[in-house]
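Structure, as structure tokens:
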Amino acid sequence: MVDYRRMGNMEQRLGNITWTTLLHELRDLWNSPRGTVLRIQALTLVAITFTFFLAVFGSCRRWSNRWIVQKGFLAAQVLSLSLGTYSIGLMQSSWVKSEMYPIWAVSLLTLFGCVDPVTTYNGLDYKGPIMKVIFQLCLYCGYVLLMSTSTISSAIGNLAIGMLTTITFIKGFHRSLALVLQMKSRNRSEIGKLFFAEPLSLAVVEPFTFEVSDAYRGHFKRYKYFLRTNVPDMLTYDDETIIEDALIGYCLSYLLRRRFFGMDRDWEMAEKREQLEGLVRNGRVINYKRTLKAIEVELVFLYDVFFTSNEFLHFYEAKASRFWAFGSLIGICFVGVATIPGTISSTSFGPDANSIVVNTTTADLVITLIILVSLALLQLVELIRCWTSNWGKIIFACKFNTRDNNIVLPSYSLGMRLLTMTTWFDMYLWQDKLGQYSLLAPSSRRNKCCQCVSVIRETKRILDCICFRCGCVPVYLSRMLGLKYIGQVLWELWGSNNNGGPGVRLDDAVKTSIADFLGQIKSTRIGVEWYSLFDANGIDASDLPYSNTPLLHTPGDAMSDAYMFAYRVMVWHIATWYCEEQEQDGSAGGSYRREKNRHVATALSKYCAYLVVSAPELLPSPSAEIQRAFDHAVEETSRSVTNMTPENIDSKSSVDAFKMGVYWGKRLRNEVSPPPECPRLRSDDPWKVLALLWVQTLLYAAPYGDVQAHLQHLSQGGEFITHLWALLYHIGIDKWEHAPAQETEQEEATGASGERLQRQD
């Protein structure tokens with residue numbers, strides 16, 4: 001009979017022996033020379049990974065405002081520098097040596113020379129940051145040269161390492177000079193010297209009139225004439241549009257840069273408005289949809305100017321950047337060819353009596369080759385980026401305009417084809433999404449913060465409770481330890497300011513709806529073109545979000561314009577939610593136009609609510625009033641949502657945000673009777689009304705945002721309202737004026753009589 005109990009005990013002892021043996025083997029490996037090399041190799045790979053991430057994606061933060069992306073760059077900046085310095089220092093000080101150390105160290109040095117120094121720069125004093133970059137370069141170069149001469153046995157290998165080190169030092173020093181340009185680009189006096197913009201008009205994109213400086217007017221005319229007459233077979237319409245957008249965006253970026261520094265003047269805005277009104281009077285149709293594309297390119301130029309060194313590297317110093325990138329590519333290839341074969345045939349030797357050189361394994365060679373190939377590809381990408389970015393298009397156009405008229409067409413056409421074929425770096429000009437927030441969405445549909453953010457928020461709450469509420473820590477000890485600020489610092493570093501849900505793609509339907517309404521604007525006055533559809537559907541102008549009529553009630557202090565705007569935004573957000581909820585089952589159906597209006601209304605409703613919650617500084621100020629209005633709307637909604645009855649929302653006299661929102665939703669769906677003063681007015685299509693309402697609301701709020709807040713959001717993925725803010729600025733709209741009631745009535749009467757005459761004709 002088999003004793004299964006004894007067999008189980010034996011298997012358990014064998015398992016213990018195997019686990020103990022494995023632990024001993026790991027401990028022996030950890031203490032062995034080979035274990036030391038593996039530890040250094042692991043740290044170096046982590047440092048190389050973080051540095052490579054910064055070098056490749058450091059200037060691409062505008063692609064997304066997600067928490068993991070924005071904080072990921074912060075973590076990569078902190079860890080790449082510290083781990084890189086520690087790894088190189090550990091290679092030099094360790095008593096165990098490997099012939100791979102110099103190659104790994106020079107790879108770290110090369111990657112450090114590729115990192116944009118401007119991404120961590122934020123100020124006018126460039127001397128401190130540039131000294132840090134140069135000191136780091138000198139430290140890395142000294143370690144690399146010292147390890148190369150003491151570890152590599154081949155003279156050719158030492159020569160290759162020395163050559164790549166020298167090239168990288170010069171390249172890194174050259175890149176650090178971009179900090180000087182950053183100082184000038186952030187200095188108001190330098191901007192004034194660099195570009196004096198008179199509001200000159202030039203129809204570069206027919207039929208829209210853009211402002212450009214006098215220095216570029218001739219460039220545009222000659223450049224466009226050449227494109228349309230000499231190379232029609234080489235360039236398609238889309239290719240031509242891409243190049244024109246780059247040229248227009250570059251010129252407009254100078255004007256908007258002046259706006260960021262408060263250098264624009266009232267008379268300039270007045271002349272822009274006069275030009276806009278003159279175009280409307282002359283029957284010119286402005287292609288706003290095309291204009292939004294040019295605005296995207298303009299903001300990309302501004303992002304490069306303020307937050308990267310691309311203007312310095314790809315425009316002012318493009319030749320030098322291409323030369324040193326090509327030199328780095330040659331140096332990396334030379335290092336691979338000169339050092340890798342020598343390590344395969346070399347034997348262990350000691351540089352001195354206290355050092356041990358460990359043989360190079362196949363895994364070491366494979367990892368090193370992967371690192372060198374990645375570095376070479378990175379240099380190649382830098383070269384392609386210099387040639388094909390928007391800055392490359394500007395350089396190409398400027399070179400064409402300075403050449404003789406007898407230009408060689410085949411070579412020029414080939415260059416134009418290269419510029420338009422490679423659009424890798426222009427596919428994501430910004431995040432191209434609309435943030436979404438729904439006040440009444442189910443919890444399962446709400447955006448959930450990641451686990452670490454929740455932990456940080458809870459830590460902040462506990463620290464506040466311990467320090468100020470519970471009195472567990474004495475006051476003097478709390479001040480000495482700085483507990484008062486620990487939670488605040490943790491939240492500002494790693495917390496998330498995005499309280500909305502997942503964003504939705506900014507599609508063509510939203511852009512078209514906004515462009516269509518912009519085409520109806522005749523001036524800065526909010527007149528009949530704003531109110532006509534709402535009057536036809538029985539909605540009074542005083543109930544719209546951009547109305548300056550006081551609300552029915554005043555919770556707490558007196559209401560400001562910002563408070564009334566945000567409160568009405570939440571009211572109509574609830575109304576849109578109600579209409580959406582009533583058609584959740586999809587039974588309503590409808591035409592393509594109705595579905596388009598529904599999509600535009602729901603997307604912009606949640607986007608405006610998202611701005612109220614997450615970016616109130618981009619809305620009419622003060623942002624504290626917007627937050628107060630939102631808090632009141634949330635409080636009233638949470639109080640009313642549980643005990644809502646049809647009887648208490650039958651009229652507009654409700655003084656509750658939720659009740660008012662549901663009332664307007666019912667009115668638009670014709671579920672409640674209209675008021676006695678307009679018994680015949682009923683809504684034909686609620687989504688047509690709501691789509692126009694949210695388009696107008698977003699455009700109304702666009703000119704009033706804080707300028708520096710727009711600049712800050714530009715570095716964090718960008719917001720669509722910033723594009724509208726820039727567009728309205730270029731056509732002279734920095735504020736809206738409410739037309740008097742008498743003028744509005746006259747405009748409505750004139751419009752009605754005009755419609756009757758057209759019907760009679």
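Simple scheme: letters A, B, ... for chains in structure tokens order, numbers from 1 for residues in each chain, numbers from 1 for ligands in the order shown.
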Legend entry - Shell around Thr308 in chain A at 6 Å using only C-alpha atoms, local window under 3 positions removed, as a PyMOL selection string: chain A and resi 118-119+304
Inset, instruction - Name the residues of range 500-697 of chain A that fall into alpha helix (DSSP H) according to DSSP on the backbone, using the chain letters and numbers of this document, as a ChimeraX atom specification. - result: /A:508-518,528-536,561-582,592-614,623-640,657-668,686-697
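Going from CA of Leu690 in chain A over to CA of Lys596 in chain A, you cover 11.5 Å.
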Legend entry - Proximity to Pro622 in chain A - best of A:Gly705, A:Tyr288, A:Glu580, A:Ala601, only C-alpha atoms: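 Among the listed residues, the smallest separation from Pro622 in chain A belongs to A:Gly705.
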Inset, instruction - Mind checking which residues fall within 8 Å of Val600 in chain A, counting only C-alpha atoms, ignoring those fewer than 4 positions away in the same chain, and posting them as a list in words? - result: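 Non-adjacent residues within range: Ala509, Val510, Ser513, Lys596, Leu604 and Ala691 of chain A.
In this model, the gap between CA of Lys293 in chain A and CA of Leu611 in chain A comes to 22.1 Å.
From CA of Ala709 in chain A back to CA of Ser309 in chain A, the distance works out to 21.3 Å.
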Legend entry - Who sits within 9 Å of Ser87 in chain A, only C-alpha atoms, same chain under 6 positions skipped, as a PyMOL selection string: chain A and resi 40-41+43-44+47+105
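With only C-alpha atoms taken into account, the protein and nucleic acid residues at most 9 Å from Glu311 in chain A (excluding it and anything under 5 positions from it in its own chain) are Ala178, Leu181, Phe301, Asp304, Val305, Tyr316, Glu317, Ala318 and Trp391 of chain A.
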Can you write just those residues out, C-alpha atoms, as a compact mmCIF listing (two decimals), in the first residue's frame?
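Full text of part39.txt as output:
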# COMPACT_ATOMS: atom_id res chain seq x y z
CA ALA A 178 18.35 77.47 -27.36
CA LEU A 181 16.59 82.27 -27.61
CA PHE A 301 4.41 77.13 -33.74
CA ASP A 304 7.47 75.15 -30.15
CA VAL A 305 8.49 78.71 -29.37
CA TYR A 316 17.55 79.61 -36.91
CA GLU A 317 20.21 76.89 -36.56
CA ALA A 318 18.81 74.27 -38.94
CA TRP A 391 9.86 74.81 -39.69
